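Below: the structure, in structure tokens.
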Amino acid sequence: MPYNAPSPLEVKVLTRRFGLPNSHMIETYLANDGYKAFEKALGMSQDDIINEVKASGLRGRGGAGFPTGMKWSFVPRQAPKPKYIVVNADESEPGTCKDRLLIEYDPHQLIEGCLIAGLAVGAQQGYIYIRGEYRYLIEHMDRALEEACARGYLGDNILGRGIKFHLATHSGAGAYECGEESALLESLEGKRGNPRIRPPFPAVAGCYQSPTILNNVETFCAVPPIILQGGAYFAGLGTPKNGGTRLFCLSGHVNKPGVYELPMGFNLLRMINEVGGGVRGGKKLKAVIPGGSSCPVLRADECDVAMDYDSVAAIKSMLGSGGVVVMDEDTDMVRAALRIMRFYAHESCGWCIPCREGTTWLRKLLQRLDEGHGTSSDIDLVNDLSKNMLGRTFCPLGDAAAMPTISFVEKFRDEFEAKIAKSARPAERLVTV
Amino acid sequence: MADPVKFTIDGREIEAPAGTLVIEAAKQNGIEIPSFCYYEGYSLQAACRMCLVEVEKMPKMQVACTLLVAPGMVVRTDTEQVRKARKYTLEFLLTNHPLDCPVCDKGGECELQDMVFRYGAGESRFTENKVHVDEQQWSPVVFYDGPRCILCFRCVRACDEGMGVGALGVVNRGVVSLIAPNHGDHLECDECGQCIDICPVGALTSGSYRYQTRPWEMEHVGTICTHCSNGCKTTLGVRNEQIIRGNNRDRSGINGEFLCVKGRYAFDFNDHPERIQSPMIRVDGKLQEVSWSKALEHVATRFNAIKARGGSFGVIGSNHTTNEENYYLQKFARQGLGTNNIDHHRTGDVSTLIDALSGTNGALATSADFYERKAFLIIGADLAVEQPFLSFQIRANKRHHDAHVYVITPHEVREDTTAAKSIRRPKGTELEALEDLRASLAAESELVILFNDSVKGNAVHDLVQFGQSLGIPVRYCALVDYSNSRGAIDMGLVPELLPGYQASNQPGMTVDEMRAAEHIDALWVVGANPLKDGPLNARFAFVVVQDMFMTETAGRADVILPAANAYEKNGTVTNVCGEVQKLKRGAATVGTKPDLEIIGLIAKEMGMAALMGPWLPDAVYSEIRKNVKGYDIAPAAIALGARQTTPVNGRVGVESRPDLIRSAKENLFTSGTLGRYSKILNSVLEKRLEPVAR
């Protein structure tokens, strides 16, 4: 996978080794501050490590944005069971493609992040759960793990310091649901990837019902720079409460799509116009999905926003997983809504009723609307069903399907109405008997 | 227990123990929170979202089935938001659920119907095409109709957690998710059918019941299963004197919701085409149908003649006839015919256990103990196939109370998977392993020891001695095979014991001796099949058989009197734990009579009606209360449920006959003479897969 040309506006922290030849090899990594953070962490107490991560303002990069240091501090210090580190590399959110680059170009950074997390909570085993479609990355990661073992960074006696830590990859089997942390754990344990009842949260009872740190690839990758250069340094890169940089996956109708590491709080319009080189073909911007397909869509006039968790939340969308999908003026919003719902209907795990039945019903309704066979009341029904799925499903997948749909209908209702009006065939009248 | 938690549901102040789920606390206080996937006793799912409630200070609605009560919590179950959520959930459910209620087996007792009726969504806004998949047959008894399935996963849990079989799972995802059997297109399991009972809708239907009737057209008769010794309650659905269904949908009786393949399906021996429906007399070597009066007169004349010339009688009783019949039979044999040659097929050494426990109280385990006690030692038995309900109880105990299970058996058993320790020893030598377990067992706070026919005679004394030496409270259970095996011994259907374990001073012949005897003038067999084990030696004996079918023994009979079975009569039976329960007449077969009545009529014909008293179950039971030690239990107590017999508390005084104690080792899919005639039991694959019981 060729890496897009970097932008001069990027602040390269996690991606700083990406351009180097053989950046994935341990020799390159070691020559460029590799495993220095780990060696530094060896001299720190568990509390020190966690406090450093807290100070960095690092928030979970998987989408929910939960403060990472706080999550780590929930892991009980004294527990009768072994503790685990689990990396969520089940990158499946449409519009998101950053974790695969982190693994492909700098796998040792991820390994080092896991090692430090292991030190912070006293874990001796970690798993990297990689989505099955990233088959080539699993082999790639395995080679990096072998290198780390050979150099004594993984194993029973790491660097001769008597520390034990093992890492292994585990393949997903193609379910979006397994990117949800509890479903991922079920799948990792060899069960059907259904989400679990929470509480207990993974920090207390995760992998094999043991205390577990479960974070996104990017979150773990941010840990070595934080330890090496200090939490304050990392925090200073972003905005208050939104520390550091993050990898934005810019896609859609832009001239220069790609993955760009930008400071938190970077303006969305600047991102599109300056980093992404503007909307393709000089067209006008119509809408942007700011953080992966589950985030409510933003109208063009809403896009003058700082890309950090709180600012995007303030305009009722989400920063999500960093998948910025740009749509130009010619985009068919009904079809876009349908495409998204098709995805969620296909990926609903089937566990709970509102999501299982709701997504499919919505898909069928949107399909009909898109084909011009809908009625105005169908548009209301889409909105009503989505609103009544929201907050009632077992896991966030239901919300992820409902939220964008509501936003599409409410912000672009005129396009839905136009499809109906354009339809040559009159809507069927249904009669109750 | 911790202090009760005080909280509020719908404005009512409620107290519940800490750790109670809101849905349970509400139910206990008469407030219904609807749910599909929540099922008491099985793991929590929170999948159906029907039980969403409002909780003050929580931003989103909460699922009551996983929410624990907390002090000061304010729960609202009847607000606009909650009502709306329920209605939407039902509307979602009905989008792909076929509305074929008029032909669906579940119609009339369907939880989805009830919910929609009560909580709305009667009219749907869904106008798209429904998802359809074809119905599948998974086994002779289990059918699955995917579109009807609401995916509550109850069946998956009942099979995995309840039965320890785990034959059901989920395949596909999203709206096309389906429940799937363990062998791709078919099931290999216990065929217990609990998945069908627990299914809230008509997705899983029973091979024997489907499309037979509507639930409201049947009478529902709660009686006791007549197959194994566990004494499960089974509710027979009876229409026009015909049994159509067996289940325990009301979860009453000692077994709650449990029923195995026999209790649920094997009632069908009742209307087997080979059922004998007319008395028969052998004329010129051939059996000919005759009237009841002629047959009875013939028996009485011959019996009277043999008695008058001092001839010898042999009487063999049954282990599935009622206590009343057994008592009446032994009384007639001993007092009417004047013989002590009375016996039955014994399957466990109850009498030595009673003897060894002399002077103790509460040392015999009840069926509830299997769910409540903290530790179990299983000796010899493969409970899952021989004593399915006890096995179920222990599994539930393990799940809910983390009971410790120790196993000493000749072969692998299902309990191994959860046992603290499993030891293999050849049959009959199991007790050699006891000392290996002594330290672990002594560290338990209490123990229930159950043993099958591997432990008999003196070994029972050794085992009890071992138990008493552990220094903890120990309860025992001598496992027996049949629905009234225990009652048969209690009622003195053995030559050496009178009713209530009083030693007979003139023990007569045993069943083996009667069969082998050169000279016996009359052999009277009531509901047993002794000649299955070998021919009758006394060539000229006059043989009278009361039975339902032309068994090996009936084939040798001079007179056959067609008997009614347990589902066709009233009376009491005693289960493996010594619990007395009431049979209730469900169906009737033309031409047959209950054994009690047949014995009474023979006595009357012989002029001994006064001696024997009326052949009414209640009257005989009154006599049992007076004369049989341990059975002074008020009928009202039995009418309400099971009641364990009181301890005999005295030495038995005669040796049991270990040589005669032999379990038939019948498994789930075979069950003596009755199972042989069950079409369903014979049709399931497992019967062929495991033809020889170990």
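Following the order of the structure tokens, first chain is A, next is B, and so on, with residues numbered from 1 inside each chain and ligands from 1 in the order they appear.
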
Residues of chain B within 9 Å of chain A, only C-alpha atoms counted, as number ranges by chain
B: 44-50, 52, 60-63, 66, 84-85, 88-90, 92-96, 125-129, 150-153, 170-177

Who sits within 10 Å of Ser7 in chain A, only C-alpha atoms, same chain under 6 positions skipped, as a PyMOL selection string
chain A and resi 256+258-262+274-277

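Here the residues within range 29-133 of chain A that DSSP labels strand (DSSP E) on the basis of the backbone are Tyr84, Ile85, Val86, Val87, Asn88, Ala89, Gln125, Gly126, Tyr127, Ile128, Tyr129 and Ile130 of chain A.
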
Write the residues you've just listed into a file as a PDB file, in the first residue's frame, and include N, CA and C atoms for each of them.
ATOM      1  N   TYR A  84      -4.082  -8.475  30.663  1.00  0.00           N
ATOM      2  CA  TYR A  84      -3.825  -8.556  29.220  1.00  0.00           C
ATOM      3  C   TYR A  84      -3.811  -7.182  28.582  1.00  0.00           C
ATOM      4  N   ILE A  85      -3.021  -7.100  27.513  1.00  0.00           N
ATOM      5  CA  ILE A  85      -3.042  -5.931  26.646  1.00  0.00           C
ATOM      6  C   ILE A  85      -3.667  -6.393  25.333  1.00  0.00           C
ATOM      7  N   VAL A  86      -4.688  -5.677  24.879  1.00  0.00           N
ATOM      8  CA  VAL A  86      -5.294  -6.057  23.605  1.00  0.00           C
ATOM      9  C   VAL A  86      -5.317  -4.836  22.688  1.00  0.00           C
ATOM     10  N   VAL A  87      -4.809  -5.037  21.480  1.00  0.00           N
ATOM     11  CA  VAL A  87      -4.788  -3.963  20.496  1.00  0.00           C
ATOM     12  C   VAL A  87      -5.940  -4.160  19.531  1.00  0.00           C
ATOM     13  N   ASN A  88      -6.755  -3.132  19.403  1.00  0.00           N
ATOM     14  CA  ASN A  88      -7.854  -3.194  18.463  1.00  0.00           C
ATOM     15  C   ASN A  88      -7.369  -2.718  17.094  1.00  0.00           C
ATOM     16  N   ALA A  89      -7.014  -3.672  16.257  1.00  0.00           N
ATOM     17  CA  ALA A  89      -6.614  -3.347  14.890  1.00  0.00           C
ATOM     18  C   ALA A  89      -7.665  -3.863  13.924  1.00  0.00           C
ATOM     19  N   GLN A 125       1.072 -10.553  28.730  1.00  0.00           N
ATOM     20  CA  GLN A 125       0.613 -11.112  27.447  1.00  0.00           C
ATOM     21  C   GLN A 125      -0.230 -10.071  26.745  1.00  0.00           C
ATOM     22  N   GLY A 126      -0.018  -9.949  25.463  1.00  0.00           N
ATOM     23  CA  GLY A 126      -0.830  -9.044  24.682  1.00  0.00           C
ATOM     24  C   GLY A 126      -1.275  -9.699  23.391  1.00  0.00           C
ATOM     25  N   TYR A 127      -2.379  -9.200  22.840  1.00  0.00           N
ATOM     26  CA  TYR A 127      -2.863  -9.707  21.561  1.00  0.00           C
ATOM     27  C   TYR A 127      -3.135  -8.524  20.641  1.00  0.00           C
ATOM     28  N   ILE A 128      -2.775  -8.698  19.394  1.00  0.00           N
ATOM     29  CA  ILE A 128      -3.111  -7.687  18.392  1.00  0.00           C
ATOM     30  C   ILE A 128      -4.179  -8.297  17.506  1.00  0.00           C
ATOM     31  N   TYR A 129      -5.406  -7.794  17.658  1.00  0.00           N
ATOM     32  CA  TYR A 129      -6.535  -8.337  16.905  1.00  0.00           C
ATOM     33  C   TYR A 129      -6.660  -7.558  15.601  1.00  0.00           C
ATOM     34  N   ILE A 130      -6.247  -8.190  14.507  1.00  0.00           N
ATOM     35  CA  ILE A 130      -6.212  -7.524  13.204  1.00  0.00           C
ATOM     36  C   ILE A 130      -7.349  -8.021  12.328  1.00  0.00           C
TER      37      ILE A 130
END

Looking only at alpha helix (DSSP H) from DSSP on the backbone, list the matching residues of range 270-411 of chain B as a PyMOL selection string.
chain B and resi 292-308+323-331+350-356+369-372+383-386+388-401
